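Novice: My structure is below; once you've seen it, I'll send some questions.
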Amino acid sequence: MQILKLKETVNFMAYRKFAMVLSIFLMISAVSLLTVKKLNFGLDFTGGTLIEVGFEEAADLTKIRQVLDDNGFEDAVVQLYGSSRDIVIRLAQREDIKAEMLGNQVLEVLQQSTDKSIDMRRIEFVGASVGEELTEQGGLAMLTALICILVYVAFRFEWRFALGSVVALFHDVLLTLGLFALLGLEFDLTVLAAILAVIGYSLNDTIVVSDRIRENFRKIREGGPAEVINISLTQTLSRTFITSITTLLVLAALFFKGGALIHGFATALLFGVFVGTYSSIYVASAVALALGISKEDLIPEVIEKEGAEQEQMMP
Amino acid sequence: MLNKSPLWKSLLVLFVVAFGALYASPNLFGEDPAVQVSGLRGVEADSATLDSVRAQLEQEKIDFASIALEKGQVLVRFHDTESQLKGRDLLDDKLGNQFSVALNLTPATPDWLANIGGTPMKLGLDLSGGVSFLMEVNMNEAIAKAKESMVGDFRNDLRNEKIRYRSVKEGAKGINIQLRNAEDLAKAESLLKKRYRDLLFVENEDTLMLTASMTEQKLKETREYALQQNITIIRNRVNELGVAEPLVQRQGQKHIVIELPGVQDTARAKEILNATATIEFRMVDTEGDLGNALNGRVPASSELLYDRDGKPSLLKKRVMLTGDHIVDAGSSFDEYSRPQVNITLDSPGGSKFSNATKNNIGKPMATVFIEYKATDKLDAQGNTVFEKVEEVISVATIQARLGKTFRITGAGSQAEAHNLALLLRAGALIAPIQIVEERTVGPTLGAENVQLGFQAIMMGFGLVFIFMMIYYRAFGVVANLALGANLVLIVGVMSMIPGATLTLPGMAGIVLTVGMAVDANVLIFERIREEIRQGKSVQQAIHQGYDAAFSTILDANITTLIAALILFAVGTGPIKGFAVTLSIGIVTSMFTAVVGTRTVVNAVWGGKRLEKLSI
């Protein structure tokens with residue numbers, strides 16, 4: 001069976017100007033979303049207390065809010081979580097109560113207000129300083145990863161590819177973050193892990209394409225760089241599709257079956273796989289092309305030994 | 001002939017997969033109900049404990065499956081939870097004072113498998129339920145305390161050497177020692193420089209000031225010491241909780257992670273972690289009669305206290321010195337190679353102790369361990385009631401007037417001396433600790449997470465299986481075999497690595513690896529198709545396909561592996577859990593997809609004249 005039956009080379013690069021405009025537009029939108037709407041940082045980053053409670057029957061949010069309000073938890077944010085019987089309550093840090101005791105107190109208040117038994121599902125408390133440290137650490141992790149990748153690809157391929165793939169990664173991460181800002185989805189540690197997985201996936205895609213471009217530059221004698229890139233993209237297109245499909249299949253399983261805790265993770269990855277596939281074609285390759293990648297750059301150099309001429313003259 | 005694998009390669013693949021399957025298999029056996037008996041306060045259970053536990057159980061005719069000494073704990077396995085509970089109650093009753101008795105679920109791995117190191121994967125708290133704390137050690141306080149003790153030490157040293165000084169004070173740059181004249185300055189400098197090699201001394205002849213500051217090295221040591229000390233104390237306290245398999249570990253420069261699987265009552269856990277313990281030195285009442293005291297006639301100025309084995313001592317009520325003054329305690333050997341405990345007091349403690357002991361040479365002195373334990377009771381305000389527990393931990397004869405540093409001999413063994421030193425140190429917290437993060441996962445949520453994660457893995461696998469089989473037909477089946485082997489290997493490796501813990505994000509990592517692991521096979525198969533389209537013979541196409549795809553696969557996976565390893569190094573919590581499965585998955589999937597499928601493909605299709613290929 002075959003999904004794509006391509007006889008002709010697809011002229012991908014013909015649309016690269018359009019794609020570039022689109023990408024730049026999307027990136028600017030993402031940046032403005034991130035500055036205007038901001039990321040909805042989860043407890044991991046902001047610090048505070050989170051309580052997840054399971055009720056026997058559908059939870060009455062209005063009543064719960066009222067009960068908490070009456071007991072001095074005016075700032076509590078109450079939301080449904082996953083199903084109509086599970087709720088999460090979020091509280092900011094407070095001065096008057098020892099933060100690590102807060103969870104148990106809220107639980108007690110809720111327990112007293114209802115005659116049905118409620119089920120403590122989880123309580124999390126994160127100090128503000130830990131959150132700050134984490135933000136720093138997360139950013140640092142991402143930066144280190146990007147730099148190491150840049151170095152490896154530059155070393156294995158060529159600096160234009162390295163720059164292309166890192167721009168592509170940056171593009172993917174930015175758009176995924178933009179999506180989270182747009183939808184107001186909670187950004188917690190698992191989502192950060194997902195973003196890092198997006199980096200991994202997008203990178204995988206980019207390397208496969210770059211690898212083929214390198215191979216074809218060495219093999220195909222005629223045609224300019226744009227044509228060679230088109231040929232390479234066409235050749236790998238089928239693979240790109242199949243891999244994306246299998247990955248999306250598994251992610252769909254996570255999205256629908258993985259439960260509420262993993263929802264953000266799956267959302268980030270589902271979106272990331274889409275942009276990752278797109279960016280390996282239109283960002284990584286287009287950037288390498290724009291930077292003027294050419295046949296000469298990839299054909300292994302015949303290293304001329306220093307003083308070779310003199311050696312020849314020697315008897 | 002093309003595409004024939006050498007025998008060793010096929011055997012290697014078989015061996016690796018079989019090995020992985022063997023070490024993955026402990027996960028299939030489930031768990032036995034068990035009771036774990038571990039020593040309190042750093043004491044390890046030994047074979048005597050084992051014998052007494054066995055005797056107790058046999059006497060009460062409680063049926064048990066096996067009993068063994070493991071890692072300083074006695075572990076009793078039961079056939080059912082009913083006898084497990086009975087056994088726990090009995091042992092807690094009989095041994096509760098000296099040991100903590102905890103319910104436990106122990107992997108039911110068969111002995112032969114356990115003997116070769118087979119263990120199931122460890123589940124993270126998000127999957128098993130329980131509570132984790134992140135404690136922060138207040139390092140500023142630790143440094144401040146160290147400086148404070150330096151001030152006292154300097155004063156003492158100068159006084160003892162009869163060097164007159166105006167003042168010793170803490171300043172912005174360090175500790176300022178103000179002297180009266182240049183001669184004293186020189187004397188003080190040479191004395192202190194010799195004594196405190198890890199400090200930095202700067203003299204100012206104009207102002208007659210000597211400034212001492214801690215070197216980077218010394219600061220580092222102080223912080224390190226504070227962290228280690230707190231870890232020791234927390235370990236001791238966690239033991240009190242009787243939690244099966246607790247984890248106390250340092251994280252970074254000033255944090256300590258505590259994981260208590262299965263604990264739901266976090267309030268109680270917190271109280272115990274924050275509990276206080278101290279040491280007191282008190283004289284033994286040698287005039288009073290122990291026999292009379294045991295019959296209830298205790299002299300008014302004395303009281304009756306017991307040691308761990310229940311041996312009574314009659315002690316004076318007056319406290320000579322409390323543990324707050326202990327700066328350090330360690331164990332070593334004396335000149336006759338008998339174990340001893342070396343104790344260092346701070347300056348006020350030293351002079352107090354010296355006064356207290358000078359008239360009591362030759363008399364016995366007792367060291368008492370005092371602890372405020374949280375009980376199940378609550379007072380009127382709803383706060384937990386603490387119970388004061390006093391225990392005599394050593395009785396020793398005072399040999400000479402004791403000063404700032406002294407030693408206690410007469411500990412039975414090196415282990416005992418070590419434990420005593422631990423207890424003495426544990427009495428005084430060098431730096432306060434504070435909970436900065438707490439996560440509690442209920443048991444129902446944990447079980448739900450396991451179930452959901454498992455479902456997602458199965459569903460993802462199923463979908464990919466079906467897709468690959470339809471799309472690549474016979475070769476799809478080969479890819480699926482590789483995928484299955486990959487899962488087995490991931491589980492096997494996860495079970496083998498001691499530090500690896502399966503978490504919910506880790507499960508997600510496995511799911512993602514499945515999706516991406518297929519990529520290597522897709523690359524190879526697409527190449528083979530390409531080669532066939534170009535008119536190559538079947539065997540040529542297979543050969544070329546694998547060859548050409550290899551470098552691509554290698555590059556792609558190495559870059560992803562770099563990313564995963566960085567995540568592992570910098571990440572914490574869920575990120576780390578995810579990075580572990582991802583990195584393992586990348587390595588195993590490379591092996592199964594490249595070497596594994598090649599072997600199968602060669603065995604089925606290799607070396608034959610074929611017209612068509614089912615791909």
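By convention here, the chains of the structure tokens are called A, B, ... in the order presented, each chain's residues are numbered starting at 1, and ligands are numbered starting at 1 in the order presented.
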Among the residues of stretch 119-155 of chain A, find those DSSP assigns to alpha helix (DSSP H) from the backbone and print them as a list in words.
Specialist: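 The residues of stretch 119-155 of chain A classed as alpha helix (DSSP H) are Ala128, Ser129, Val130, Gly131, Glu132, Glu133, Leu134, Thr135, Glu136, Gln137, Gly138, Gly139, Leu140, Ala141, Met142, Leu143, Thr144, Ala145, Leu146, Ile147, Cys148, Ile149, Leu150, Val151, Tyr152, Val153, Ala154 and Phe155 of chain A.
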Novice: If the cut-off is 7 Å, can you tell me the residues of chain A near chain B, counting only C-alpha atoms? I'd like them as an MDAnalysis selection string.
Specialist: chainID A and resid 1:2 100 120:127 130 137 141 145 149 189:190 193 200 204 207:208 211 239 243 246:247 249:250 253:254 257:259
Novice: Could you give me, as a list in words, the residues within 10 Å of A:Leu183, counting only C-alpha atoms and dropping anything in the same chain fewer than 6 positions from it?
Specialist: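 Selected residues are Lys37, Leu39 and Asn40 of chain A.
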Novice: B:Ala146: which residues within 10 Å, counting only C-alpha atoms, same-chain residues fewer than 2 positions away excluded, as a list of chain:residue names?
Specialist: B:Asn140, B:Glu141, B:Ala142, B:Ile143, B:Ala144, B:Glu148, B:Ser149, B:Met150, B:Val151, B:Met214, B:Leu219, B:Thr222, B:Arg223, B:Val327, B:Ile430
Novice: When DSSP works through the backbone of this structure, what residues of stretch 287-375 of chain B end up as strand (DSSP E), shown as a PyMOL selection string?
Specialist: chain B and resi 302-306+312-316+321-322+326-333+339-345+364-375
Novice: Next, the residues of the selection above should be written as a short mmCIF file (atom, residue, chain, number, x, y, z; two decimals), in the first residue's frame with C-alpha atoms.
Specialist:
data_model
loop_
_atom_site.label_atom_id
_atom_site.label_comp_id
_atom_site.auth_asym_id
_atom_site.auth_seq_id
_atom_site.Cartn_x
_atom_site.Cartn_y
_atom_site.Cartn_z
CA SER B 302 15.99 11.87 91.05
CA GLU B 303 13.96 9.94 88.57
CA LEU B 304 13.94 6.50 87.06
CA LEU B 305 14.75 6.21 83.37
CA TYR B 306 15.24 3.19 81.17
CA PRO B 312 16.65 1.01 84.56
CA SER B 313 18.93 3.78 85.84
CA LEU B 314 18.33 6.21 88.67
CA LEU B 315 19.30 9.66 87.45
CA LYS B 316 19.50 13.08 89.08
CA LEU B 321 24.22 20.15 79.92
CA THR B 322 21.78 19.98 77.02
CA ILE B 326 27.01 20.02 70.95
CA VAL B 327 28.77 21.27 67.86
CA ASP B 328 30.00 17.98 66.50
CA ALA B 329 30.20 14.33 67.39
CA GLY B 330 32.02 11.51 65.69
CA SER B 331 33.19 8.01 66.44
CA SER B 332 36.75 6.65 66.42
CA PHE B 333 39.00 4.27 68.36
CA PRO B 339 35.41 2.36 70.08
CA GLN B 340 34.80 5.84 71.45
CA VAL B 341 32.65 8.85 70.72
CA ASN B 342 34.30 12.24 70.37
CA ILE B 343 32.19 15.22 71.26
CA THR B 344 32.88 18.89 70.65
CA LEU B 345 30.94 21.54 72.56
CA PRO B 364 28.96 7.76 86.45
CA MET B 365 27.25 10.14 84.06
CA ALA B 366 24.35 9.28 81.80
CA THR B 367 23.48 10.53 78.36
CA VAL B 368 19.73 10.80 77.86
CA PHE B 369 17.98 11.07 74.51
CA ILE B 370 14.79 13.10 74.62
CA GLU B 371 12.29 13.30 71.90
CA TYR B 372 8.89 14.82 71.43
CA LYS B 373 6.90 12.30 69.46
CA ALA B 374 3.58 13.09 67.82
CA THR B 375 0.77 10.94 69.17
#
Novice: Separation of atom CA of B:Ala65 and atom CA of B:Gly39, in Å?
Specialist: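 These two atoms are separated by 22.1 Å.
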Novice: At a cut-off of 12 Å, using only C-alpha atoms, what residues contact B:Phe15? Leave out same-chain residues fewer than 5 positions from it and give the result as a ChimeraX atom specification.
Specialist: /B:8-10,20-22,485,489,596
Novice: What gap, in Å, lies between atom CA of B:Glu189 and atom CA of B:Lys352?
Specialist: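 These atoms are spaced 27.8 Å apart.
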Novice: For atom CA of B:Lys358 and atom CA of B:Ser301, quote the distance in Å rounded to one decimal.
Specialist: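 Straight-line distance from atom CA of B:Lys358 to atom CA of B:Ser301 works out to 20.6 Å.
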Novice: Hey, which of B:His325, B:His255, B:Lys363, B:Arg235 ends up closest to B:Glu287? Count only C-alpha atoms.
Specialist: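 Result for the nearest residue to B:Glu287: B:Lys363.
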Novice: I'd like the contact shell of B:Lys193 - 12 Å cut-off, only C-alpha atoms, skipping same-chain residues fewer than 2 positions apart - returned as a compact mmCIF listing (two decimals) with N, CA and C atoms, in the first residue's frame.
Specialist:
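Writing done, so here's around-v8.txt:
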# COMPACT_ATOMS: atom_id res chain seq x y z
N PHE B 154 37.61 32.03 69.19
CA PHE B 154 38.71 32.99 69.19
C PHE B 154 38.91 33.57 70.58
N ASP B 157 40.59 31.04 72.78
CA ASP B 157 41.99 30.81 72.46
C ASP B 157 42.86 31.96 72.93
N LEU B 185 48.96 41.88 68.33
CA LEU B 185 48.43 41.60 67.00
C LEU B 185 49.24 40.49 66.34
N ALA B 186 50.56 40.62 66.40
CA ALA B 186 51.44 39.62 65.80
C ALA B 186 51.27 38.27 66.47
N LYS B 187 51.18 38.31 67.81
CA LYS B 187 51.03 37.05 68.56
C LYS B 187 49.71 36.37 68.21
N ALA B 188 48.65 37.18 68.21
CA ALA B 188 47.32 36.63 67.91
C ALA B 188 47.29 36.03 66.51
N GLU B 189 47.90 36.77 65.60
CA GLU B 189 47.87 36.29 64.22
C GLU B 189 48.58 34.95 64.08
N SER B 190 49.77 34.86 64.69
CA SER B 190 50.52 33.61 64.51
C SER B 190 49.80 32.44 65.21
N LEU B 191 49.18 32.73 66.34
CA LEU B 191 48.46 31.67 67.07
C LEU B 191 47.27 31.17 66.26
N ARG B 195 46.24 27.58 64.24
CA ARG B 195 45.13 26.75 64.68
C ARG B 195 44.04 26.56 63.64
N TYR B 196 43.78 27.63 62.89
CA TYR B 196 42.66 27.55 61.93
C TYR B 196 43.20 27.69 60.53
N ARG B 197 43.66 26.57 60.01
CA ARG B 197 44.27 26.61 58.69
C ARG B 197 43.25 26.83 57.58
N ASP B 198 41.99 26.57 57.88
CA ASP B 198 40.99 26.74 56.83
C ASP B 198 40.34 28.12 56.85
N LEU B 199 40.91 29.02 57.66
CA LEU B 199 40.38 30.39 57.67
C LEU B 199 41.41 31.33 57.05
N LEU B 200 40.90 32.50 56.65
CA LEU B 200 41.76 33.48 56.01
C LEU B 200 41.93 34.66 56.96
N PHE B 201 43.18 35.00 57.31
CA PHE B 201 43.40 36.10 58.25
C PHE B 201 44.03 37.29 57.54
N VAL B 202 43.46 38.47 57.77
CA VAL B 202 44.03 39.69 57.20
C VAL B 202 44.29 40.65 58.36
N GLU B 203 45.51 41.16 58.46
CA GLU B 203 45.79 42.07 59.58
C GLU B 203 45.90 43.50 59.06
N LEU B 210 42.58 42.43 63.38
CA LEU B 210 42.81 41.17 62.66
C LEU B 210 41.45 40.67 62.20
N THR B 211 41.32 40.47 60.91
CA THR B 211 40.01 40.03 60.39
C THR B 211 40.12 38.60 59.87
N ALA B 212 39.24 37.75 60.39
CA ALA B 212 39.22 36.35 59.95
C ALA B 212 38.00 36.11 59.09
N SER B 213 38.21 35.50 57.93
CA SER B 213 37.04 35.17 57.11
C SER B 213 37.13 33.72 56.66
